[in-house]
file data_18.pdb (PDB, C-alpha atoms)
ATOM      1  CA  MET A   1       6.450   9.597  12.412
ATOM      2  CA  SER A   2       8.012   7.149   9.971
ATOM      3  CA  ARG A   3       9.392  10.019   7.886
ATOM      4  CA  PHE A   4      10.164  12.728  10.399
ATOM      5  CA  GLY A   5      10.327  11.024  13.802
ATOM      6  CA  ARG A   6       8.615  12.185  16.965
ATOM      7  CA  SER A   7       7.932  15.880  17.247
ATOM      8  CA  ARG A   8       9.592  17.643  20.154
ATOM      9  CA  SER A   9       7.364  20.699  20.021
ATOM     10  CA  VAL A  10       4.038  20.954  21.805
ATOM     11  CA  LYS A  11       2.393  22.094  18.568
ATOM     12  CA  GLY A  12       3.664  19.018  16.729
ATOM     13  CA  ARG A  13       2.490  16.627  19.449
ATOM     14  CA  VAL A  14      -0.948  18.250  19.556
ATOM     15  CA  LEU A  15      -1.210  18.058  15.757
ATOM     16  CA  LEU A  16      -0.186  14.386  15.746
ATOM     17  CA  GLY A  17      -2.700  13.640  18.509
ATOM     18  CA  GLY A  18      -5.424  15.312  16.477
ATOM     19  CA  LEU A  19      -4.518  13.329  13.379
ATOM     20  CA  ARG A  20      -4.559  10.067  15.327
ATOM     21  CA  TRP A  21      -7.958  10.959  16.776
ATOM     22  CA  LEU A  22      -9.270  11.627  13.255
ATOM     23  CA  GLU A  23      -7.798   8.336  12.053
ATOM     24  CA  ARG A  24      -9.589   6.417  14.828
ATOM     25  CA  ARG A  25     -12.873   8.210  14.039
ATOM     26  CA  THR A  26     -12.455   7.365  10.344
ATOM     27  CA  TYR A  27     -11.977   3.670  11.140
ATOM     28  CA  ALA A  28     -14.946   3.745  13.520
ATOM     29  CA  ALA A  29     -17.193   5.249  10.830
ATOM     30  CA  ALA A  30     -16.081   2.815   8.113
ATOM     31  CA  VAL A  31     -18.173  -0.209   7.212
ATOM     32  CA  ARG A  32     -15.218  -1.807   5.422
ATOM     33  CA  VAL A  33     -11.504  -0.957   5.270
ATOM     34  CA  ILE A  34      -9.606  -1.588   2.021
ATOM     35  CA  SER A  35      -5.814  -1.605   2.318
ATOM     36  CA  THR A  36      -3.058  -1.950  -0.249
ATOM     37  CA  HIS A  37      -0.723  -3.861   2.074
ATOM     38  CA  ASP A  38      -0.907  -6.146   5.104
ATOM     39  CA  PHE A  39       0.918  -3.512   7.167
ATOM     40  CA  TYR A  40      -1.973  -1.062   6.705
ATOM     41  CA  ARG A  41      -4.448  -3.821   7.493
ATOM     42  CA  GLU A  42      -2.682  -4.383  10.806
ATOM     43  CA  ILE A  43      -2.989  -0.661  11.564
ATOM     44  CA  ALA A  44      -6.728  -0.809  10.852
ATOM     45  CA  ILE A  45      -7.066  -3.793  13.182
ATOM     46  CA  GLY A  46      -4.741  -2.593  15.948
ATOM     47  CA  CYS A  47      -5.226   1.172  16.056
ATOM     48  CA  GLY A  48      -8.579   1.330  14.315
ATOM     49  CA  GLY A  49     -10.301  -1.411  16.255
ATOM     50  CA  ARG A  50     -11.482  -3.202  13.115
ATOM     51  CA  THR A  51     -11.700  -6.995  12.772
ATOM     52  CA  MET A  52     -10.126  -9.207  10.115
ATOM     53  CA  GLU A  53     -13.591  -9.626   8.585
ATOM     54  CA  ASP A  54     -13.938  -5.833   8.256
ATOM     55  CA  THR A  55     -10.713  -5.482   6.271
ATOM     56  CA  THR A  56      -9.606  -6.432   2.781
ATOM     57  CA  VAL A  57      -6.164  -6.233   1.186
ATOM     58  CA  VAL A  58      -6.084  -5.494  -2.531
ATOM     59  CA  ARG A  59      -3.027  -5.631  -4.728
ATOM     60  CA  SER A  60      -2.195  -3.600  -7.780
ATOM     61  CA  GLY A  61       0.785  -5.665  -8.920
ATOM     62  CA  PRO A  62       1.137  -9.152 -10.354
ATOM     63  CA  ASP A  63       0.704 -12.249  -8.222
ATOM     64  CA  THR A  64       4.304 -13.183  -7.428
ATOM     65  CA  ARG A  65       3.305 -16.819  -6.866
ATOM     66  CA  ARG A  66       2.294 -17.073 -10.524
ATOM     67  CA  MET A  67       4.742 -14.619 -12.075
ATOM     68  CA  ARG A  68       7.784 -16.085 -13.788
ATOM     69  CA  THR A  69      10.787 -14.766 -15.660
ATOM     70  CA  VAL A  70      10.703 -15.308 -19.408
ATOM     71  CA  VAL A  71      13.784 -15.040 -21.574
ATOM     72  CA  PRO A  72      12.897 -13.266 -24.844
ATOM     73  CA  ARG A  73      13.539 -15.092 -28.090
ATOM     74  CA  ARG A  74      16.532 -13.635 -29.878
ATOM     75  CA  THR A  75      14.931 -14.203 -33.303
ATOM     76  CA  ILE A  76      12.203 -11.670 -32.600
ATOM     77  CA  ARG A  77      14.652  -8.844 -32.049
ATOM     78  CA  GLY A  78      17.087  -9.759 -34.772
ATOM     79  CA  ARG A  79      19.883  -7.215 -35.141
ATOM     80  CA  ALA A  80      17.723  -4.263 -34.118
ATOM     81  CA  LYS A  81      19.018  -2.179 -31.234
ATOM     82  CA  TYR A  82      15.457  -1.452 -30.106
ATOM     83  CA  LEU A  83      12.372  -3.502 -30.826
ATOM     84  CA  SER A  84       9.611  -1.408 -32.361
ATOM     85  CA  TRP A  85       6.158  -2.416 -33.493
ATOM     86  CA  SER A  86       4.523  -1.012 -36.600
ATOM     87  CA  THR A  87       0.927  -1.350 -37.672
TER      88      THR A  87
END
call {"tool": "encode", "arguments": {"input": "data_18.pdb", "output": "structure tokens"}}
result
Amino acid sequence: MSRFGRSRSVKGRVLLGGLRWLERRTYAAAVRVISTHDFYREIAIGCGGRTMEDTTVVRSGPDTRRMRTVVPRRTIRGRAKYLSWST
């Protein structure tokens, strides 16, 4: 629905209903739900009937609380247009 909106056809509504039913059954069968974002965790809790204790959010990016911008030292690059490493 987020990409294509609500279907106006009967076939589309039946298909969406079937997918939602399968999603609920999947959550019901799961022992633990692992999500990549808090938004998906909320779906597991709200639509899937899971509890906060049954869900975990994992991240694949850096921790933005610890990440910081570093300005590279100009002396490393020198006059080179591109920095290349050789072994």
call {"tool": "residues_around", "arguments": {"input": "data_18.pdb", "residues": "A:Ile45", "least_positions_apart": "4", "cutoff": "12 Å", "atoms": "all atoms listed in the file", "output": "CSV table (one decimal) with C-alpha atoms, keeping the file's coordinate frame"}}
result
chain,number,residue,atom,x,y,z
A,24,ARG,CA,-9.6,6.4,14.8
A,27,TYR,CA,-12.0,3.7,11.1
A,28,ALA,CA,-14.9,3.7,13.5
A,32,ARG,CA,-15.2,-1.8,5.4
A,33,VAL,CA,-11.5,-1.0,5.3
A,34,ILE,CA,-9.6,-1.6,2.0
A,35,SER,CA,-5.8,-1.6,2.3
A,38,ASP,CA,-0.9,-6.1,5.1
A,39,PHE,CA,0.9,-3.5,7.2
A,40,TYR,CA,-2.0,-1.1,6.7
A,41,ARG,CA,-4.4,-3.8,7.5
A,49,GLY,CA,-10.3,-1.4,16.3
A,50,ARG,CA,-11.5,-3.2,13.1
A,51,THR,CA,-11.7,-7.0,12.8
A,52,MET,CA,-10.1,-9.2,10.1
A,53,GLU,CA,-13.6,-9.6,8.6
A,54,ASP,CA,-13.9,-5.8,8.3
A,55,THR,CA,-10.7,-5.5,6.3
A,56,THR,CA,-9.6,-6.4,2.8
call {"tool": "atom_distance", "arguments": {"input": "data_18.pdb", "atom1": "atom CA of A:Gly46", "atom2": "atom CA of A:Leu16"}}
result
17.6 Å
call {"tool": "atom_distance", "arguments": {"input": "data_18.pdb", "atom1": "atom CA of A:Leu22", "atom2": "atom CA of A:Glu42"}}
result
17.5 Å
call {"tool": "closest_residue", "arguments": {"input": "data_18.pdb", "among": "A:Val14, A:Arg20, A:Met1, A:Arg8", "to": "A:Cys47", "atoms": "all atoms listed in the file"}}
result
A:Arg20
call {"tool": "closest_residue", "arguments": {"input": "data_18.pdb", "among": "A:Lys11, A:Ser60, A:Thr26, A:Met67", "to": "A:Gly48", "atoms": "all atoms listed in the file"}}
result
A:Thr26
call {"tool": "axis_aligned_box", "arguments": {"input": "data_18.pdb", "around": "stretch 40-47 of chain A", "padding_each_side": "8 Å", "output": "JSON"}}
result
{"center_x": -4.5, "center_y": -1.6, "center_z": 11.4, "size_x": 21.1, "size_y": 21.6, "size_z": 25.4}
call {"tool": "atom_distance", "arguments": {"input": "data_18.pdb", "atom1": "atom CA of A:Arg6", "atom2": "atom CA of A:Val57"}}
result
28.4 Å
